[in-house]
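protein.txt, holding compact mmCIF, C-alpha atoms:
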```
# COMPACT_ATOMS: atom_id res chain seq x y z
CA MET A 1 11.00 5.66 -5.39
CA THR A 2 9.78 2.39 -3.96
CA ALA A 3 7.12 3.07 -1.35
CA LEU A 4 6.48 -0.56 -0.48
CA THR A 5 8.71 -3.61 -0.85
CA LEU A 6 7.91 -7.19 0.09
CA ARG A 7 10.91 -9.50 -0.17
CA GLU A 8 10.46 -13.26 0.01
CA VAL A 9 7.57 -12.75 2.37
CA SER A 10 5.82 -15.78 3.86
CA ARG A 11 3.15 -16.02 6.50
CA VAL A 12 2.26 -19.28 8.16
CA HIS A 13 -0.65 -19.49 10.58
CA GLY A 14 -0.48 -22.21 13.20
CA GLN A 15 2.08 -24.95 13.55
CA GLY A 16 2.73 -28.54 12.63
CA GLU A 17 0.01 -30.45 10.85
CA THR A 18 -2.56 -27.72 11.12
CA ALA A 19 -0.22 -25.01 9.75
CA VAL A 20 -1.69 -22.96 6.93
CA GLU A 21 0.64 -21.16 4.57
CA ALA A 22 -1.27 -17.99 3.80
CA LEU A 23 1.57 -16.43 1.82
CA ARG A 24 4.60 -18.15 0.32
CA GLY A 25 7.71 -16.30 -0.78
CA VAL A 26 6.00 -13.23 -2.21
CA ASP A 27 8.08 -10.47 -3.83
CA LEU A 28 6.40 -7.18 -4.60
CA ALA A 29 7.57 -3.61 -5.10
CA VAL A 30 5.19 -0.68 -5.43
CA SER A 31 6.56 2.70 -6.49
CA ALA A 32 5.27 6.15 -5.69
CA GLY A 33 2.66 7.09 -8.27
CA GLU A 34 1.75 3.49 -8.95
CA LEU A 35 -1.53 1.68 -8.31
CA VAL A 36 -1.18 -2.10 -8.07
CA ALA A 37 -4.21 -4.37 -7.94
CA VAL A 38 -4.07 -7.75 -6.23
CA MET A 39 -6.53 -10.35 -7.49
CA GLY A 40 -7.21 -13.92 -6.55
CA PRO A 41 -9.93 -16.17 -5.18
CA SER A 42 -10.83 -15.92 -1.50
CA GLY A 43 -8.25 -17.67 0.60
CA SER A 44 -5.47 -16.92 -1.89
CA GLY A 45 -3.70 -14.58 0.53
CA LYS A 46 -4.87 -11.15 -0.66
CA SER A 47 -5.86 -9.80 2.72
CA THR A 48 -2.82 -11.34 4.42
CA LEU A 49 -0.64 -9.51 1.92
CA LEU A 50 -2.36 -6.23 2.69
CA ASN A 51 -2.09 -6.73 6.46
CA LEU A 52 1.62 -7.47 6.16
CA ALA A 53 2.16 -4.44 3.92
CA GLY A 54 0.44 -2.25 6.48
CA GLY A 55 2.33 -3.63 9.47
CA LEU A 56 -0.89 -4.98 11.01
CA ASP A 57 0.62 -8.44 10.88
CA ALA A 58 4.23 -9.65 10.70
CA PRO A 59 5.65 -12.18 8.23
CA THR A 60 7.01 -15.51 9.49
CA ALA A 61 9.81 -15.15 6.91
CA GLY A 62 11.02 -12.35 4.66
CA HIS A 63 10.96 -8.58 5.02
CA VAL A 64 8.56 -5.71 4.46
CA HIS A 65 9.86 -2.20 3.78
CA VAL A 66 7.67 0.92 3.82
CA ASP A 67 9.29 4.09 2.53
CA GLY A 68 12.68 2.43 2.85
CA THR A 69 12.19 1.38 6.50
CA ALA A 70 12.26 -2.31 7.37
CA LEU A 71 9.18 -2.91 9.52
CA ASP A 72 10.88 -5.70 11.49
CA SER A 73 13.58 -3.23 12.59
CA LEU A 74 11.02 -1.08 14.43
CA SER A 75 9.81 -1.25 18.01
CA ARG A 76 6.08 -1.59 18.54
CA ARG A 77 5.88 2.08 19.25
CA GLU A 78 7.84 3.10 16.18
CA LEU A 79 5.75 0.76 14.06
CA ALA A 80 2.53 2.30 15.36
CA LYS A 81 3.91 5.73 14.52
CA LEU A 82 4.86 4.70 11.00
CA ARG A 83 1.41 3.21 10.52
CA ARG A 84 -0.21 6.48 11.57
CA ARG A 85 2.09 8.69 9.53
CA SER A 86 2.88 6.79 6.37
CA ILE A 87 0.07 4.34 5.70
CA GLY A 88 -3.59 4.91 4.93
CA TYR A 89 -6.22 2.19 4.92
CA VAL A 90 -9.51 1.98 3.08
CA PHE A 91 -11.82 -0.88 4.01
CA GLN A 92 -14.92 -2.36 2.43
CA ASP A 93 -17.12 -1.31 5.34
CA PHE A 94 -15.56 2.19 5.69
CA ASN A 95 -14.83 1.77 9.45
CA LEU A 96 -15.83 5.31 10.32
CA ILE A 97 -16.53 6.16 13.95
CA PRO A 98 -20.27 6.89 14.12
CA SER A 99 -20.07 9.40 16.97
CA LEU A 100 -17.58 11.62 15.13
CA THR A 101 -18.32 13.96 12.22
CA ALA A 102 -16.67 13.45 8.84
CA ALA A 103 -14.04 16.07 9.69
CA GLU A 104 -13.38 14.53 13.12
CA ASN A 105 -13.00 11.07 11.61
CA VAL A 106 -10.48 12.36 9.09
CA ALA A 107 -8.61 14.41 11.70
CA LEU A 108 -8.37 11.50 14.14
CA PRO A 109 -5.16 9.87 12.88
CA LEU A 110 -3.37 13.24 13.03
CA GLU A 111 -4.67 14.00 16.51
CA LEU A 112 -3.59 10.56 17.70
CA ASP A 113 -0.22 11.41 16.28
CA GLY A 114 -0.02 14.50 18.48
CA ALA A 115 -0.96 17.20 16.00
CA SER A 116 -2.84 20.17 17.47
CA VAL A 117 -6.59 20.00 17.06
CA ARG A 118 -6.49 23.14 14.97
CA ARG A 119 -3.88 21.80 12.57
CA ALA A 120 -5.56 18.39 12.37
CA ARG A 121 -8.96 19.94 11.57
CA HIS A 122 -7.42 22.14 8.93
CA ALA A 123 -5.73 19.15 7.25
CA ALA A 124 -8.99 17.20 7.50
CA ARG A 125 -10.88 19.97 5.76
CA SER A 126 -8.48 20.07 2.87
CA ALA A 127 -8.48 16.25 2.58
CA LEU A 128 -12.30 16.32 2.43
CA ASP A 129 -12.13 19.05 -0.19
CA GLY A 130 -9.73 16.85 -2.11
CA VAL A 131 -12.32 14.08 -2.37
CA GLY A 132 -15.08 16.50 -3.27
CA ILE A 133 -17.12 16.54 -0.03
CA GLY A 134 -15.75 19.56 1.84
CA ASP A 135 -19.35 20.71 2.35
CA LEU A 136 -20.19 17.55 4.33
CA ALA A 137 -17.42 18.04 6.92
CA GLU A 138 -19.83 18.47 9.86
CA ARG A 139 -22.09 15.53 8.98
CA PHE A 140 -22.11 12.31 10.94
CA PRO A 141 -21.56 9.03 9.02
CA ASP A 142 -25.20 8.00 9.60
CA ALA A 143 -26.36 10.99 7.61
CA MET A 144 -24.23 10.16 4.59
CA SER A 145 -24.62 7.75 1.66
CA GLY A 146 -22.26 4.79 1.26
CA GLY A 147 -20.35 6.58 -1.47
CA GLN A 148 -19.93 9.68 0.71
CA GLN A 149 -18.76 7.59 3.65
CA GLN A 150 -16.19 5.89 1.47
CA ARG A 151 -14.96 9.31 0.37
CA VAL A 152 -14.51 10.21 4.02
CA ALA A 153 -12.57 6.97 4.49
CA ILE A 154 -10.32 7.85 1.55
CA ALA A 155 -9.78 11.35 2.92
CA ARG A 156 -8.81 9.76 6.24
CA ALA A 157 -6.41 7.42 4.42
CA VAL A 158 -4.57 10.26 2.72
CA VAL A 159 -4.75 13.02 5.35
CA GLY A 160 -1.40 14.41 6.41
CA ASP A 161 1.22 13.35 3.97
CA ARG A 162 0.68 9.64 3.75
CA ARG A 163 2.24 8.05 0.71
CA LEU A 164 1.00 4.47 0.88
CA ILE A 165 -2.69 3.67 0.52
CA LEU A 166 -3.89 0.12 1.16
CA ALA A 167 -7.42 -0.59 0.02
CA ASP A 168 -9.25 -3.83 0.78
CA GLU A 169 -12.26 -4.26 -1.52
CA PRO A 170 -13.07 -0.56 -1.12
CA THR A 171 -16.02 -0.72 -3.50
CA GLY A 172 -17.55 -3.91 -2.13
CA ALA A 173 -20.51 -2.21 -0.50
CA LEU A 174 -21.16 0.34 -3.26
CA ASP A 175 -23.14 0.33 -6.50
CA THR A 176 -21.14 0.25 -9.73
CA GLN A 177 -21.32 3.97 -10.47
CA THR A 178 -20.27 5.00 -6.95
CA GLY A 179 -17.62 2.29 -6.96
CA GLU A 180 -16.15 3.78 -10.08
CA THR A 181 -16.00 7.22 -8.45
CA VAL A 182 -14.06 5.71 -5.54
CA LEU A 183 -11.62 4.07 -7.96
CA LYS A 184 -11.19 7.37 -9.77
CA LEU A 185 -10.28 9.02 -6.47
CA LEU A 186 -7.74 6.33 -5.63
CA ARG A 187 -6.31 6.62 -9.10
CA ALA A 188 -6.06 10.40 -8.73
CA ARG A 189 -4.22 10.06 -5.40
CA CYS A 190 -1.72 7.72 -7.04
CA ASP A 191 -1.33 10.02 -10.03
CA ALA A 192 -0.57 12.75 -7.48
CA GLY A 193 2.31 10.69 -6.09
CA ALA A 194 0.93 8.17 -3.59
CA ALA A 195 1.55 4.46 -3.90
CA GLY A 196 -1.58 2.32 -3.86
CA VAL A 197 -2.34 -1.35 -3.33
CA LEU A 198 -5.88 -2.39 -4.15
CA VAL A 199 -7.22 -5.80 -3.22
CA THR A 200 -10.24 -6.63 -5.34
CA HIS A 201 -11.98 -9.54 -6.98
CA ASP A 202 -13.69 -7.21 -9.41
CA ALA A 203 -11.89 -7.24 -12.75
CA ARG A 204 -13.40 -3.92 -13.78
CA HIS A 205 -11.83 -2.24 -10.77
CA ALA A 206 -8.48 -3.91 -11.35
CA GLY A 207 -8.63 -2.22 -14.74
CA TRP A 208 -7.75 1.07 -13.04
CA ALA A 209 -4.40 -0.28 -11.88
CA ASP A 210 -1.03 0.11 -13.54
CA ARG A 211 -0.25 -3.49 -12.69
CA VAL A 212 -2.37 -6.43 -11.64
CA ILE A 213 -0.86 -9.34 -9.76
CA PHE A 214 -2.62 -12.67 -9.33
CA LEU A 215 -2.39 -14.69 -6.14
CA ARG A 216 -3.12 -18.40 -5.94
CA ASP A 217 -2.60 -20.38 -2.74
CA GLY A 218 -0.36 -17.68 -1.31
CA ARG A 219 1.89 -17.33 -4.34
CA VAL A 220 2.09 -14.71 -7.05
CA VAL A 221 1.30 -16.73 -10.15
CA ASP A 222 1.06 -14.02 -12.76
CA ALA A 223 1.12 -10.31 -13.40
CA SER A 224 -0.27 -7.97 -15.99
CA GLY A 225 1.40 -4.68 -16.77
CA PRO A 226 2.93 -2.17 -16.69
CA LEU A 227 1.03 -0.82 -19.64
CA ALA A 228 2.23 0.71 -22.83
CA SER A 229 1.45 4.38 -23.42
CA VAL A 230 -1.94 5.38 -24.73
CA ASP A 231 -0.50 6.43 -28.10
CA THR A 232 0.83 2.93 -28.66
CA LEU A 233 -2.53 1.52 -27.66
CA LEU A 234 -4.40 3.61 -30.18
CA SER A 235 -2.03 2.85 -33.03
CA GLU A 236 -2.15 -0.87 -32.23
CA ALA A 237 -5.95 -1.05 -31.90
CA PRO A 238 -7.37 -3.93 -33.95
CA MET B 1 -22.86 -4.98 -37.07
CA SER B 2 -22.08 -4.39 -40.70
CA ILE B 3 -20.07 -1.73 -42.44
CA LYS B 4 -23.11 -1.34 -44.70
CA HIS B 5 -25.31 0.01 -41.92
CA GLY B 6 -22.47 2.05 -40.49
CA LEU B 7 -22.04 3.87 -43.80
CA LEU B 8 -25.79 4.38 -44.18
CA ALA B 9 -25.88 5.96 -40.73
CA LEU B 10 -23.06 8.31 -41.67
CA LEU B 11 -24.71 9.26 -44.96
CA GLU B 12 -27.88 10.08 -43.07
CA ARG B 13 -25.93 13.08 -41.73
CA GLY B 14 -25.42 14.33 -45.33
CA PRO B 15 -23.65 13.40 -48.58
CA ALA B 16 -20.01 12.32 -48.28
CA TYR B 17 -17.32 10.64 -50.35
CA GLY B 18 -15.24 7.57 -49.55
CA TYR B 19 -12.38 9.09 -47.57
CA GLN B 20 -14.73 11.23 -45.53
CA LEU B 21 -16.84 8.19 -44.69
CA ARG B 22 -13.81 6.24 -43.63
CA SER B 23 -12.57 8.94 -41.28
CA SER B 24 -16.03 9.63 -39.79
CA PHE B 25 -16.50 5.91 -39.27
CA GLU B 26 -13.24 5.65 -37.35
CA GLU B 27 -14.07 8.80 -35.42
CA SER B 28 -17.40 7.49 -34.23
CA THR B 29 -16.03 4.09 -33.26
CA GLY B 30 -13.00 5.69 -31.63
CA ALA B 31 -10.59 3.95 -34.02
CA THR B 32 -11.47 0.61 -32.47
CA TRP B 33 -12.55 -0.59 -35.88
CA PRO B 34 -10.25 0.74 -38.59
CA LEU B 35 -11.57 0.39 -42.13
CA ASN B 36 -9.48 0.30 -45.25
CA ILE B 37 -10.62 2.48 -48.06
CA GLY B 38 -11.16 -0.58 -50.30
CA GLN B 39 -13.82 -1.90 -47.89
CA VAL B 40 -15.55 1.48 -48.03
CA TYR B 41 -15.69 1.54 -51.83
CA THR B 42 -16.84 -2.08 -52.24
CA THR B 43 -19.56 -1.45 -49.69
CA LEU B 44 -20.64 1.78 -51.43
CA THR B 45 -20.80 -0.07 -54.76
CA ARG B 46 -23.02 -2.74 -53.22
CA LEU B 47 -25.24 -0.14 -51.56
CA GLU B 48 -25.62 1.64 -54.89
CA ARG B 49 -26.50 -1.63 -56.65
CA ASP B 50 -29.22 -2.21 -54.02
CA HIS B 51 -30.51 1.38 -54.48
CA LEU B 52 -29.80 2.29 -50.86
CA VAL B 53 -27.43 5.10 -51.85
CA ARG B 54 -27.04 7.18 -54.99
CA ALA B 55 -23.79 8.53 -56.47
CA LEU B 56 -23.71 12.31 -57.04
CA PRO B 57 -21.64 14.00 -59.79
CA GLU B 58 -17.90 14.17 -59.16
CA ASN B 59 -16.65 17.40 -57.63
CA ASP B 60 -13.70 19.48 -58.90
CA GLN B 61 -11.19 17.34 -57.02
CA GLY B 62 -12.54 14.23 -58.74
CA GLN B 63 -14.24 12.97 -55.56
CA ARG B 64 -17.61 11.31 -55.95
CA PRO B 65 -19.98 11.96 -53.06
CA TYR B 66 -22.81 9.58 -52.23
CA THR B 67 -26.19 10.37 -50.79
CA ILE B 68 -28.65 8.11 -48.97
CA THR B 69 -31.92 7.19 -50.75
CA ASP B 70 -35.37 6.72 -49.20
CA ALA B 71 -34.87 2.96 -49.44
CA GLY B 72 -31.55 3.45 -47.62
CA ARG B 73 -33.26 5.43 -44.85
CA ALA B 74 -35.84 2.68 -44.48
CA ALA B 75 -33.10 0.01 -44.24
CA LEU B 76 -31.30 2.10 -41.64
CA ALA B 77 -34.47 2.51 -39.56
CA VAL B 78 -35.01 -1.25 -39.63
CA TRP B 79 -31.42 -1.80 -38.50
CA PHE B 80 -31.74 0.56 -35.56
CA SER B 81 -34.99 -1.04 -34.45
CA THR B 82 -33.74 -4.63 -34.69
CA PRO B 83 -31.89 -6.15 -31.73
CA VAL B 84 -28.51 -7.70 -32.43
CA SER B 85 -28.80 -11.46 -32.34
CA SER B 86 -25.97 -13.46 -30.86
CA THR B 87 -25.77 -15.51 -34.05
CA ASP B 88 -24.78 -12.34 -35.92
CA ARG B 89 -21.61 -12.19 -33.87
CA PRO B 90 -18.57 -14.28 -34.56
CA ARG B 91 -18.51 -17.54 -32.64
CA ASP B 92 -16.91 -17.37 -29.24
CA GLU B 93 -13.48 -18.82 -29.93
CA LEU B 94 -12.58 -18.79 -26.24
CA ALA B 95 -15.53 -20.95 -25.20
CA ILE B 96 -14.72 -23.41 -27.98
CA LYS B 97 -11.06 -23.43 -27.01
CA LEU B 98 -11.85 -24.21 -23.37
CA ALA B 99 -14.32 -26.91 -24.30
CA LEU B 100 -11.67 -28.54 -26.48
CA ALA B 101 -8.98 -28.06 -23.80
CA LEU B 102 -11.14 -30.05 -21.38
CA THR B 103 -11.44 -32.99 -23.72
CA THR B 104 -7.93 -32.94 -25.20
CA PRO B 105 -5.44 -35.13 -23.31
CA GLY B 106 -2.35 -33.42 -21.92
CA VAL B 107 -3.76 -29.88 -21.86
CA ASN B 108 -3.37 -27.98 -18.58
CA VAL B 109 -6.79 -26.35 -18.43
CA PRO B 110 -6.06 -24.05 -15.43
CA ASP B 111 -3.10 -22.68 -17.39
CA VAL B 112 -5.31 -21.99 -20.39
CA VAL B 113 -7.74 -20.17 -18.08
CA GLN B 114 -5.01 -18.13 -16.37
CA THR B 115 -3.30 -17.15 -19.64
CA GLN B 116 -6.61 -15.86 -20.91
CA ARG B 117 -7.35 -14.08 -17.64
CA VAL B 118 -4.10 -12.13 -17.75
CA ALA B 119 -4.71 -11.16 -21.37
CA THR B 120 -8.28 -10.06 -20.68
CA ILE B 121 -7.34 -8.07 -17.55
CA ARG B 122 -4.63 -6.40 -19.54
CA ALA B 123 -7.18 -5.41 -22.17
CA LEU B 124 -9.38 -4.11 -19.34
CA GLN B 125 -6.52 -1.99 -18.02
CA GLU B 126 -5.97 -0.59 -21.50
CA TYR B 127 -9.64 0.25 -22.03
CA THR B 128 -9.76 1.89 -18.60
CA GLN B 129 -6.71 3.94 -19.41
CA LEU B 130 -8.29 5.07 -22.67
CA LYS B 131 -11.42 5.97 -20.72
CA MET B 132 -9.44 8.05 -18.22
CA ARG B 133 -7.76 9.99 -21.01
CA ALA B 134 -10.90 10.35 -23.13
CA ASN B 135 -12.68 13.62 -23.62
CA GLN B 136 -15.40 13.32 -20.97
CA ASP B 137 -17.94 15.03 -23.26
CA ASP B 138 -17.50 12.44 -25.99
CA THR B 139 -20.40 10.29 -24.87
CA ALA B 140 -20.39 7.99 -27.90
CA TRP B 141 -16.75 7.07 -27.45
CA LEU B 142 -17.12 6.64 -23.69
CA LEU B 143 -20.02 4.26 -24.19
CA ILE B 144 -18.07 2.22 -26.71
CA LEU B 145 -15.25 1.94 -24.19
CA ASP B 146 -17.71 0.94 -21.46
CA SER B 147 -19.08 -1.74 -23.73
CA MET B 148 -15.60 -3.19 -24.21
CA ILE B 149 -14.92 -2.92 -20.47
CA PHE B 150 -18.14 -4.71 -19.52
CA ARG B 151 -17.51 -7.44 -22.07
CA ALA B 152 -13.99 -8.01 -20.77
CA GLU B 153 -15.32 -8.07 -17.22
CA ALA B 154 -17.91 -10.67 -18.18
CA GLU B 155 -15.18 -12.78 -19.71
CA VAL B 156 -13.08 -12.64 -16.52
CA ARG B 157 -16.10 -13.59 -14.43
CA TRP B 158 -16.79 -16.50 -16.70
CA LEU B 159 -13.13 -17.59 -16.43
CA ASP B 160 -13.38 -17.40 -12.60
CA HIS B 161 -16.50 -19.51 -12.82
CA CYS B 162 -14.76 -22.08 -15.07
CA GLU B 163 -11.86 -22.31 -12.66
CA ALA B 164 -14.07 -22.71 -9.61
CA SER B 165 -16.10 -25.43 -11.35
CA LEU B 166 -12.94 -27.31 -12.30
CA VAL B 167 -11.58 -27.13 -8.75
CA ARG B 168 -14.86 -28.38 -7.34
CA LYS B 169 -15.00 -31.25 -9.83
CA ALA B 170 -11.43 -32.23 -9.05
CA ALA B 171 -12.13 -32.12 -5.32
CA ALA B 172 -15.21 -34.25 -5.71
CA ALA B 173 -13.24 -36.79 -7.73
CA SER B 174 -10.41 -37.07 -5.24
CA THR B 175 -10.63 -38.29 -1.65
CA HIS B 176 -7.26 -36.81 -0.63
CA SER B 177 -7.85 -33.27 -1.73
CA THR B 178 -7.21 -30.03 0.11
CA PRO B 179 -10.03 -27.64 1.10
CA VAL B 180 -11.87 -26.14 -1.83
CA GLU B 181 -12.72 -22.58 -2.53
CA ASP B 182 -16.38 -21.93 -2.92
CA GLY B 183 -17.00 -18.23 -3.15
CA ASP B 184 -16.34 -16.92 0.31
CA ARG B 185 -16.68 -20.22 2.10
CA VAL B 186 -14.11 -22.90 2.45
CA ILE B 187 -15.56 -26.34 2.00
CA GLU B 188 -13.81 -29.29 3.58
CA PRO B 189 -13.33 -32.11 1.07
CA HIS B 190 -15.51 -34.54 3.00
CA LYS B 191 -18.40 -32.12 2.78
CA VAL B 192 -18.23 -31.82 -1.00
CA SER B 193 -21.09 -33.78 -2.44
CA ARG B 194 -20.15 -36.50 -4.88
CA ARG B 195 -22.29 -37.13 -7.87
```
Kindly return the structure encoded in the file as structure tokens.
Amino acid sequence: MTALTLREVSRVHGQGETAVEALRGVDLAVSAGELVAVMGPSGSGKSTLLNLAGGLDAPTAGHVHVDGTALDSLSRRELAKLRRRSIGYVFQDFNLIPSLTAAENVALPLELDGASVRRARHAARSALDGVGIGDLAERFPDAMSGGQQQRVAIARAVVGDRRLILADEPTGALDTQTGETVLKLLRARCDAGAAGVLVTHDARHAGWADRVIFLRDGRVVDASGPLASVDTLLSEAP
Amino acid sequence: MSIKHGLLALLERGPAYGYQLRSSFEESTGATWPLNIGQVYTTLTRLERDHLVRALPENDQGQRPYTITDAGRAALAVWFSTPVSSTDRPRDELAIKLALALTTPGVNVPDVVQTQRVATIRALQEYTQLKMRANQDDTAWLLILDSMIFRAEAEVRWLDHCEASLVRKAAAASTHSTPVEDGDRVIEPHKVSRR
């Protein structure tokens, strides 16, 4: 099933002579279980693409569908609800709330969505278990390493039953080994059925994706993947 | 790296005959470097001529095992203690190709860069997939995969660098150019220094 579809999506900032075309006629479909990496130099439209996919910004032309729902068909309120329920974000700087514990941070989107505190905390616990830091549930972000904080952020992105994970340079602030752990977690969530979009300029991290698309000046200029099976790879090895 | 030293290293584990050496070789390099049996036998013949290995009597199945000699052990120790020099590796065809692309009329250099980037990223995806599926206790194989991953990554970074340099050069050469990417900053054309 297609979790995210961008059809002929363009985004222009400003008007007239000063207009900047951040994205031009981009088509993209991401299926459940698939991790797609988006690469390109800064200014190529990577973050714009992610903001449009997450409904944080609206295209000036074209349509974005999440889980089969056209985002432009929703009211503000419905859109906010879909964002809370269906989409998880992971950012470079984690964006955890310092005055809340790990478990409270993860439970927050569910509580905002009207879930009972009890149910939200329970879901948060199991999401933290899922990323291997269930024992740190009562810690505050300040008392955690960067890698642990990013795990909390990933748990927050997937808590409840969210099927689309949007990650913007999620390893940017981490050392290579910790960064790899974060990628492994994202990969595992996608293998478990989520759809993932990963914006990165790090080729080694793009290596974890099923497909890599390349943006230049707001256009998709190239793509790599999907990959052949491992058996074919081994038999074709040079 | 030579097949010669690879075989010596394998024989250091104990005597073996040609087919065994071939399969152990492929096992320890994770099949990234398949050998044909002919290469194994020519190399063994050369090693024997140089007194680095010694042939043992044929066994009942007509297989002739080889054993490493003291001279062979010494050669192996020297190999392990000597760093690999870049001149021992094949010349970098990609660097040569890009250098020629720049000076050959009618070649679209950014296209050459992008074609290579897609191919290298694809290789990176494949190595990463192999790494995910690998037995996590097989340290030797995991390190070989990491080596290929890091090399591919370095190549992509170099390609990014080439592209950025070309864009900057083009911007500096033209007065009517659009803003230029420079890492995370956007440089207005009039601010680009001209040399």
Pick the closest to chain A from B:Asn36, B:Thr128, B:Thr43, B:Thr104: which is it, counting only C-alpha atoms?
B:Thr128
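Counting only C-alpha atoms and comparing B:Arg122, B:Arg46, B:Arg64, B:His5, the residue that lies closest to chain A is B:Arg122.
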If you count only C-alpha atoms, which residues fall within 9 Å of stretch 125-129 of chain A, apart from same-chain ones fewer than 4 positions away, as JSON, numbers by chain?
{"A": [102, 103, 106, 107, 120, 121, 133, 134, 135, 136, 137, 151, 152, 154, 155, 156, 158, 159, 160]}
Could you produce a table of the residues of stretch 38-106 of chain B lying within 10 Å of stretch 140-162 of chain B, with the nearest pair of atoms per residue and their separation in Å rounded to one decimal, using all atoms listed in the file, ordered by chain and increasing residue number, as a tab-separated table?
```
residue	atom	partner	partner_atom	distance
B:Leu94	CA	B:Glu155	CA	9.2
B:Ala95	CA	B:Trp158	CA	9.7
B:Leu98	CA	B:Cys162	CA	9.0
```
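These residues, each with an atom at most 10 Å from (-4.1, -15.7, 8.3) using all atoms listed in the file, are Arg11, Val12, His13, Gly14, Val20, Glu21, Ala22, Leu23, Gly43, Gly45, Ser47, Thr48, Leu49, Asn51 and Asp57 of chain A.
Minimum atom-to-atom distances from A:Leu71, A:Arg219, A:Ala3, A:Gly40 to chain B were compared using all atoms listed in the file, and the lowest value belongs to A:Gly40.
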Contact residues around A:Val221 with only C-alpha atoms at 10 Å, ignoring same-chain residues under 4 positions, as a list in words:
Val26, Gly40, Ile213, Phe214, Leu215, Arg216 and Asp217 of chain A; Gln114 of chain B
Need the shell around B:Ala16: protein/DNA/RNA residues with any atom at most 12 Å away, counting only C-alpha atoms. Skip same-chain ones fewer than 3 positions apart. Format as a VMD selection string?
chain B and resid 7 to 13 19 to 25 40 44 53 to 59 63 to 68
Print the selection's residues with C-alpha atoms to a file, as a PDB file, in the coordinates of the input.
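Saved file again-v3.pdb follows:
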```pdb
ATOM      1  CA  LEU B   7     -22.040   3.870 -43.800  1.00  0.00           C
ATOM      2  CA  LEU B   8     -25.790   4.380 -44.180  1.00  0.00           C
ATOM      3  CA  ALA B   9     -25.880   5.960 -40.730  1.00  0.00           C
ATOM      4  CA  LEU B  10     -23.060   8.310 -41.670  1.00  0.00           C
ATOM      5  CA  LEU B  11     -24.710   9.260 -44.960  1.00  0.00           C
ATOM      6  CA  GLU B  12     -27.880  10.080 -43.070  1.00  0.00           C
ATOM      7  CA  ARG B  13     -25.930  13.080 -41.730  1.00  0.00           C
ATOM      8  CA  TYR B  19     -12.380   9.090 -47.570  1.00  0.00           C
ATOM      9  CA  GLN B  20     -14.730  11.230 -45.530  1.00  0.00           C
ATOM     10  CA  LEU B  21     -16.840   8.190 -44.690  1.00  0.00           C
ATOM     11  CA  ARG B  22     -13.810   6.240 -43.630  1.00  0.00           C
ATOM     12  CA  SER B  23     -12.570   8.940 -41.280  1.00  0.00           C
ATOM     13  CA  SER B  24     -16.030   9.630 -39.790  1.00  0.00           C
ATOM     14  CA  PHE B  25     -16.500   5.910 -39.270  1.00  0.00           C
ATOM     15  CA  VAL B  40     -15.550   1.480 -48.030  1.00  0.00           C
ATOM     16  CA  LEU B  44     -20.640   1.780 -51.430  1.00  0.00           C
ATOM     17  CA  VAL B  53     -27.430   5.100 -51.850  1.00  0.00           C
ATOM     18  CA  ARG B  54     -27.040   7.180 -54.990  1.00  0.00           C
ATOM     19  CA  ALA B  55     -23.790   8.530 -56.470  1.00  0.00           C
ATOM     20  CA  LEU B  56     -23.710  12.310 -57.040  1.00  0.00           C
ATOM     21  CA  PRO B  57     -21.640  14.000 -59.790  1.00  0.00           C
ATOM     22  CA  GLU B  58     -17.900  14.170 -59.160  1.00  0.00           C
ATOM     23  CA  ASN B  59     -16.650  17.400 -57.630  1.00  0.00           C
ATOM     24  CA  GLN B  63     -14.240  12.970 -55.560  1.00  0.00           C
ATOM     25  CA  ARG B  64     -17.610  11.310 -55.950  1.00  0.00           C
ATOM     26  CA  PRO B  65     -19.980  11.960 -53.060  1.00  0.00           C
ATOM     27  CA  TYR B  66     -22.810   9.580 -52.230  1.00  0.00           C
ATOM     28  CA  THR B  67     -26.190  10.370 -50.790  1.00  0.00           C
ATOM     29  CA  ILE B  68     -28.650   8.110 -48.970  1.00  0.00           C
TER      30      ILE B  68
END
```
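Minimum distance to chain A across B:Gly6, B:Gly18, B:Pro34, B:Pro83 (counting all atoms listed in the file) occurs at B:Pro34.
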N, CA and C atoms are needed for stretch 105-111 of chain A; please write them out as a PDB file, keeping the file's coordinate frame.
```
ATOM      1  N   ASN A 105     -13.525  12.376  12.021  1.00  0.00           N
ATOM      2  CA  ASN A 105     -13.000  11.070  11.610  1.00  0.00           C
ATOM      3  C   ASN A 105     -11.688  11.221  10.853  1.00  0.00           C
ATOM      4  N   VAL A 106     -11.667  12.186   9.925  1.00  0.00           N
ATOM      5  CA  VAL A 106     -10.480  12.360   9.090  1.00  0.00           C
ATOM      6  C   VAL A 106      -9.318  12.925   9.920  1.00  0.00           C
ATOM      7  N   ALA A 107      -9.649  13.770  10.896  1.00  0.00           N
ATOM      8  CA  ALA A 107      -8.610  14.410  11.700  1.00  0.00           C
ATOM      9  C   ALA A 107      -8.004  13.452  12.736  1.00  0.00           C
ATOM     10  N   LEU A 108      -8.768  12.379  13.040  1.00  0.00           N
ATOM     11  CA  LEU A 108      -8.370  11.500  14.140  1.00  0.00           C
ATOM     12  C   LEU A 108      -6.937  10.970  14.065  1.00  0.00           C
ATOM     13  N   PRO A 109      -6.522  10.408  12.902  1.00  0.00           N
ATOM     14  CA  PRO A 109      -5.160   9.870  12.880  1.00  0.00           C
ATOM     15  C   PRO A 109      -4.099  10.943  13.195  1.00  0.00           C
ATOM     16  N   LEU A 110      -4.340  12.172  12.763  1.00  0.00           N
ATOM     17  CA  LEU A 110      -3.370  13.240  13.030  1.00  0.00           C
ATOM     18  C   LEU A 110      -3.384  13.609  14.504  1.00  0.00           C
ATOM     19  N   GLU A 111      -4.578  13.665  15.089  1.00  0.00           N
ATOM     20  CA  GLU A 111      -4.670  14.000  16.510  1.00  0.00           C
ATOM     21  C   GLU A 111      -4.020  12.913  17.362  1.00  0.00           C
TER      22      GLU A 111
END
```
